[in-house]
>>> print(open('query.txt').read())   # compact mmCIF, C-alpha atoms
# COMPACT_ATOMS: atom_id res chain seq x y z
CA MET J 484 120.39 112.29 145.34
CA HIS J 485 121.03 113.39 141.81
CA ASN J 486 120.55 117.00 142.88
CA ASP J 487 123.48 116.69 145.29
CA THR J 488 125.46 119.92 144.96
CA LYS J 489 128.71 118.08 145.61
CA GLY J 490 128.61 117.11 141.95
CA ALA J 491 128.64 113.73 140.27
CA THR J 492 130.82 111.07 141.81
CA ARG J 493 132.70 108.60 139.72
CA ARG J 494 130.00 106.03 140.54
CA ASP J 495 127.30 108.38 139.24
CA MET J 496 129.22 108.87 136.03
CA LEU J 497 129.63 105.13 135.59
CA LEU J 498 125.94 104.56 136.21
CA ALA J 499 125.05 107.26 133.70
CA GLY J 500 127.41 105.66 131.22
CA VAL J 501 125.84 102.25 131.69
CA ALA J 502 122.37 103.74 131.40
CA GLY J 503 123.40 105.51 128.20
CA LEU J 504 124.78 102.29 126.81
CA GLY J 505 121.51 100.58 127.70
CA ALA J 506 119.53 103.24 125.91
CA ALA J 507 121.78 102.89 122.86
CA LEU J 508 121.25 99.13 122.87
CA ILE J 509 117.49 99.50 123.14
CA LYS J 510 117.50 101.72 120.08
CA ILE J 511 118.92 98.86 118.02
CA GLU J 512 115.95 96.63 118.90
CA PRO J 513 113.49 96.25 116.02
CA ALA J 514 110.92 98.98 116.19
CA ALA J 515 107.31 98.04 116.77
CA ALA J 516 105.12 97.69 113.72
CA THR J 517 103.93 101.11 112.65
CA PRO J 518 101.05 102.10 110.43
CA ASP J 519 103.72 102.27 107.70
CA SER J 520 104.96 98.73 108.25
CA MET J 521 101.35 97.55 108.26
CA LYS J 522 100.86 99.26 104.90
CA GLN J 523 104.00 97.53 103.65
CA ALA J 524 102.79 94.14 104.87
CA ILE J 525 99.45 94.69 103.13
CA HIS J 526 101.25 95.85 99.99
CA GLN J 527 103.31 92.63 99.98
CA ILE J 528 100.09 90.65 99.78
CA VAL J 529 97.90 92.72 97.49
CA GLY J 530 100.62 94.24 95.31
CA GLU J 531 99.27 97.05 93.15
CA ALA J 532 95.70 95.76 93.19
CA PRO J 533 93.12 98.15 94.64
CA VAL J 534 91.76 97.31 98.09
CA ARG J 535 88.12 98.30 98.44
CA LYS J 536 86.29 98.89 101.70
CA GLY J 537 83.38 96.58 102.42
CA LYS J 538 82.23 92.96 102.45
CA VAL J 539 84.50 92.23 105.43
CA THR J 540 83.23 92.38 109.01
CA ILE J 541 85.58 92.43 112.00
CA ASP J 542 84.12 91.35 115.31
CA VAL J 543 86.48 92.45 118.08
CA PRO J 544 85.78 94.15 121.41
CA THR J 545 86.26 97.93 121.28
CA LEU J 546 87.65 98.05 124.82
CA VAL J 547 90.08 95.32 125.84
CA GLU J 548 91.21 94.90 129.41
CA ASN J 549 93.91 92.32 128.78
CA GLY J 550 95.81 92.44 125.49
CA ASN J 551 97.18 88.91 125.96
CA THR J 552 94.03 87.24 124.68
CA VAL J 553 91.57 89.14 122.55
CA ALA J 554 88.74 87.34 120.78
CA LEU J 555 88.64 88.10 117.08
CA ALA J 556 86.17 86.99 114.42
CA ILE J 557 86.29 87.89 110.75
CA SER J 558 83.49 87.21 108.34
CA VAL J 559 83.22 88.01 104.67
CA ASP J 560 80.02 88.51 102.71
CA SER J 561 80.34 85.86 100.01
CA PRO J 562 78.08 83.15 98.57
CA MET J 563 81.00 80.66 98.84
CA THR J 564 80.18 78.86 95.59
CA LYS J 565 82.67 77.23 93.21
CA ASP J 566 82.88 80.40 91.10
CA ASP J 567 82.66 83.02 93.82
CA TYR J 568 84.40 82.36 97.11
CA VAL J 569 86.86 83.85 99.56
CA LYS J 570 90.39 82.58 99.01
CA THR J 571 92.23 84.14 101.91
CA ILE J 572 91.58 86.30 104.94
CA HIS J 573 94.57 88.27 106.25
CA VAL J 574 94.59 90.19 109.51
CA PHE J 575 97.06 93.01 110.26
CA ASN J 576 97.78 95.31 113.19
CA GLU J 577 99.58 98.63 113.54
CA LYS J 578 101.53 98.48 116.77
CA ASN J 579 102.51 94.92 117.66
CA PRO J 580 106.19 94.05 117.01
CA LEU J 581 105.09 92.41 113.74
CA PRO J 582 102.29 93.68 111.46
CA ASN J 583 100.85 90.22 110.66
CA VAL J 584 98.36 88.40 112.84
CA ILE J 585 97.02 85.50 110.76
CA SER J 586 96.50 84.44 107.17
CA ALA J 587 93.65 81.96 106.78
CA HIS J 588 93.25 80.11 103.47
CA LEU J 589 89.71 79.04 102.68
CA GLY J 590 88.08 77.49 99.67
CA PRO J 591 84.63 76.93 98.21
CA ARG J 592 84.26 73.96 100.56
CA ALA J 593 84.20 76.27 103.57
CA GLY J 594 80.49 76.98 103.01
CA ARG J 595 80.70 80.13 105.08
CA ALA J 596 83.53 82.68 105.07
CA LYS J 597 83.99 83.10 108.78
CA ILE J 598 86.96 82.44 111.04
CA SER J 599 87.67 83.27 114.64
CA THR J 600 90.71 83.10 116.88
CA ARG J 601 92.31 84.81 119.86
CA PHE J 602 95.21 87.19 119.44
CA ARG J 603 97.52 89.59 121.27
CA LEU J 604 97.50 93.37 121.25
CA ALA J 605 100.52 95.36 122.42
CA ASP J 606 98.77 98.73 122.38
CA THR J 607 95.63 100.66 121.54
CA GLN J 608 95.51 100.44 117.77
CA THR J 609 93.66 99.77 114.54
CA ILE J 610 93.15 96.25 113.20
CA VAL J 611 92.79 95.72 109.46
CA ALA J 612 91.39 92.62 107.77
CA VAL J 613 91.90 92.06 104.05
CA ALA J 614 90.02 89.37 102.14
CA GLU J 615 91.10 88.06 98.76
CA LEU J 616 88.22 86.80 96.65
CA SER J 617 88.37 84.14 93.96
CA ASP J 618 88.02 86.82 91.26
CA GLY J 619 91.26 88.42 92.51
CA SER J 620 89.65 91.44 94.13
CA PHE J 621 90.61 92.62 97.62
CA TRP J 622 88.20 93.90 100.25
CA SER J 623 89.03 95.27 103.66
CA ALA J 624 87.65 96.53 106.93
CA SER J 625 89.25 98.09 109.98
CA ALA J 626 88.42 98.27 113.66
CA ASP J 627 89.79 100.39 116.50
CA VAL J 628 90.60 98.67 119.76
CA ILE J 629 91.48 100.34 123.06
CA VAL J 630 93.81 98.23 125.20
CA THR J 631 94.33 98.87 128.92
CA LEU J 632 96.80 96.05 129.74
CA ALA J 633 99.16 95.49 126.85
CA ALA J 634 100.60 92.14 125.81
CA CYS J 635 104.34 91.54 125.32
CA LEU J 636 105.41 94.02 127.97
CA GLU J 637 105.08 91.99 131.13
CA SER J 638 108.29 90.79 132.78
CA LEU J 639 108.83 87.12 133.46
CA ASP J 640 109.27 85.63 136.90
CA MET K 300 101.47 67.40 126.41
CA ALA K 301 99.87 69.35 123.73
CA ARG K 302 96.73 67.31 123.35
CA PRO K 303 94.44 69.29 121.06
CA LEU K 304 90.76 69.84 121.75
CA ILE K 305 88.62 69.42 118.66
CA ASN K 306 84.93 70.14 118.35
CA VAL K 307 83.23 68.71 115.24
CA PRO K 308 79.54 67.75 115.19
CA GLN K 309 79.21 63.95 115.19
CA LYS K 310 76.30 64.00 112.76
CA ALA K 311 75.31 66.34 109.98
CA THR K 312 72.98 66.35 107.02
CA ARG K 313 74.51 66.40 103.54
CA GLY K 314 75.31 69.91 102.42
CA GLN K 315 75.03 71.39 105.89
CA VAL K 316 77.64 74.00 106.88
CA ILE K 317 79.28 72.84 110.07
CA GLU K 318 81.48 74.84 112.40
CA ILE K 319 84.75 73.32 113.58
CA LYS K 320 86.54 74.56 116.69
CA THR K 321 90.09 73.63 117.67
CA LEU K 322 92.23 74.50 120.66
CA ILE K 323 95.78 73.34 121.28
CA SER K 324 98.02 73.84 124.27
CA HIS K 325 101.08 75.86 123.23
CA ILE K 326 103.09 78.69 124.81
CA MET K 327 103.30 80.74 121.54
CA GLU K 328 106.45 82.50 122.76
CA THR K 329 106.74 85.61 120.61
CA GLY K 330 110.52 85.99 120.50
CA PHE K 331 110.14 89.63 121.54
CA ARG K 332 110.19 89.13 125.29
CA HIS K 333 113.17 89.17 127.64
CA ASP K 334 113.74 87.15 130.77
CA ASN K 335 114.77 88.60 134.14
CA VAL K 336 118.44 88.85 133.14
CA GLY K 337 117.64 90.70 129.93
CA GLN K 338 118.19 87.72 127.65
CA ARG K 339 115.84 87.52 124.68
CA ILE K 340 113.60 84.46 124.87
CA PRO K 341 113.76 82.67 121.50
CA ARG K 342 110.62 82.44 119.39
CA ASN K 343 108.60 79.26 119.80
CA ILE K 344 105.27 79.38 117.99
CA ILE K 345 102.98 77.24 115.91
CA THR K 346 103.36 78.47 112.35
CA THR K 347 100.88 76.40 110.36
CA PHE K 348 97.54 74.74 110.91
CA VAL K 349 95.93 72.49 108.29
CA ALA K 350 92.57 70.70 108.26
CA ARG K 351 91.85 67.88 105.81
CA TYR K 352 88.45 66.29 105.14
CA ASN K 353 88.98 62.70 103.98
CA GLY K 354 92.44 63.71 102.83
CA GLU K 355 91.42 66.86 100.95
CA GLU K 356 92.60 70.17 102.39
CA ILE K 357 89.67 72.34 103.50
CA PHE K 358 91.39 74.97 105.63
CA ARG K 359 94.89 76.25 106.25
CA ALA K 360 96.14 79.07 108.46
CA ASP K 361 99.54 80.73 108.83
CA LEU K 362 99.96 81.87 112.42
CA PHE K 363 102.19 84.71 113.59
CA PRO K 364 103.50 85.62 117.07
CA ALA K 365 100.45 87.87 117.51
CA ILE K 366 98.28 84.79 118.04
CA ALA K 367 97.58 84.29 121.74
CA ALA K 368 98.96 81.36 123.72
CA ASN K 369 97.02 78.11 123.27
CA PRO K 370 95.87 78.90 119.73
CA PHE K 371 92.11 78.72 119.27
CA LEU K 372 90.72 78.57 115.75
CA THR K 373 87.25 78.18 114.37
CA PHE K 374 86.22 77.81 110.75
CA SER K 375 83.49 76.06 108.82
CA THR K 376 83.10 73.50 106.10
CA VAL K 377 80.33 71.81 104.14
CA ALA K 378 79.51 68.29 105.35
CA THR K 379 79.87 66.34 102.11
CA GLU K 380 80.35 62.72 103.16
CA SER K 381 80.94 60.55 106.19
CA GLY K 382 84.56 60.16 107.17
CA THR K 383 87.39 61.71 109.10
CA ILE K 384 88.58 65.27 109.45
CA ASP K 385 92.29 65.40 110.25
CA PHE K 386 94.04 68.34 111.86
CA GLU K 387 97.73 69.12 111.85
CA TRP K 388 99.72 71.76 113.72
CA THR K 389 103.37 72.44 112.92
CA GLY K 390 105.71 74.95 114.46
CA ASP K 391 109.15 75.98 115.68
CA ASN K 392 111.61 73.50 117.21
CA GLY K 393 110.08 70.66 115.22
CA PHE K 394 106.67 71.01 116.86
CA HIS K 395 104.18 68.66 115.25
CA GLU K 396 100.79 67.58 116.57
CA THR K 397 97.87 65.88 114.92
CA GLY K 398 94.28 65.16 115.82
CA SER K 399 91.21 63.83 114.07
CA ALA K 400 87.44 63.68 114.39
CA LYS K 401 84.87 61.39 112.82
CA ILE K 402 81.71 62.70 111.22
CA THR K 403 78.63 60.87 109.99
CA VAL K 404 76.78 62.54 107.14
CA GLU K 405 73.24 61.45 106.34
>>> encode(input="query.txt", output="structure tokens")
Amino acid sequence: MHNDTKGATRRDMLLAGVAGLGAALIKIEPAAATPDSMKQAIHQIVGEAPVRKGKVTIDVPTLVENGNTVALAISVDSPMTKDDYVKTIHVFNEKNPLPNVISAHLGPRAGRAKISTRFRLADTQTIVAVAELSDGSFWSASADVIVTLAACLESLD
Amino acid sequence: MARPLINVPQKATRGQVIEIKTLISHIMETGFRHDNVGQRIPRNIITTFVARYNGEEIFRADLFPAIAANPFLTFSTVATESGTIDFEWTGDNGFHETGSAKITVE
């Protein structure tokens, strides 16, 4: 129909105009979180402090069929004593609309530095967990997850 | 409506690390979705979860829209004394729900 040699009718032009307007509107929507915005979100939490790799373990499936509920467990290697414990565990993602997933605040009373939850994934991406220890040091780990059915994109009935 | 499910062991020995599981019914609407007429659906999520052991805070979590519907959370604590563990969820549109579990420590 669009290849009609009779040229564009007024209706076609109007439709194209509306479509163009739609595209312009979509561009104004907030962009999805990017690796950059994830870095920014991490920077907001750790500041200039160095983030070292290690101590943190992310338990998440490598291949996810449905991004609407993904099991996630984070554990940190720590004795969890009064002088040496995990203060906070932050989880970030690269490609959801927002870079944050959860911030869990623990204390020496936790006994074990392990949390688990279920979260959403909008795309195949890398998950980063950052743990803040009681001595002020930051440790991190990352995990790659492949998502076949993304969250957030389904239409509502 | 949003009756929470809480799993705390009824009995524990002093000093034992116990695992606590909670699940609450909530839509966790992200605020990034649109309905069938293109209208943005406003955000409606649980933003904070707090657990208190005999009144003292033992765990707190800030939740973001990336948390799946019906937020499920597990964490652990040291069984120090018999008493009550209270749980509190707060969120958008004045959402507030509480729950509690008793524990006997020997």
>>> interface_residues(input="query.txt", of="chain J", to="chain K", cutoff="8 Å", atoms="all atoms listed in the file", output="count of residues only")
32
>>> closest_residue(input="query.txt", among="K:Ile345, K:Leu304, K:Ile340, K:Ile326", to="Trp388 in chain K", atoms="all atoms listed in the file")
K:Ile345
>>> atom_distance(input="query.txt", atom1="CA of Ala524 in chain J", atom2="CA of Thr564 in chain J")
28.8 Å
>>> atom_distance(input="query.txt", atom1="CA of Pro591 in chain J", atom2="CA of Glu615 in chain J")
12.9 Å
>>> closest_residue(input="query.txt", among="J:Val529, J:Ile557, J:Leu616, J:Val534", to="Lys570 in chain J", atoms="all atoms listed in the file")
J:Leu616
>>> closest_residue(input="query.txt", among="J:Glu548, J:Glu577, J:Glu531, J:Asp606", to="Ser620 in chain J", atoms="all atoms listed in the file")
J:Glu531
>>> closest_residue(input="query.txt", among="J:Asp627, J:Lys522, J:Arg493, J:Val613", to="Thr545 in chain J", atoms="all atoms listed in the file")
J:Asp627
>>> atom_distance(input="query.txt", atom1="CA of Phe575 in chain J", atom2="CA of Trp622 in chain J")
13.4 Å
>>> closest_residue(input="query.txt", among="J:Thr492, J:Ser625, J:Asn549, J:Ser617", to="Asp566 in chain J", atoms="all atoms listed in the file")
J:Ser617
>>> closest_residue(input="query.txt", among="J:Thr609, J:Ser520, J:Gln527, J:Thr571", to="Val543 in chain J", atoms="all atoms listed in the file")
J:Thr609
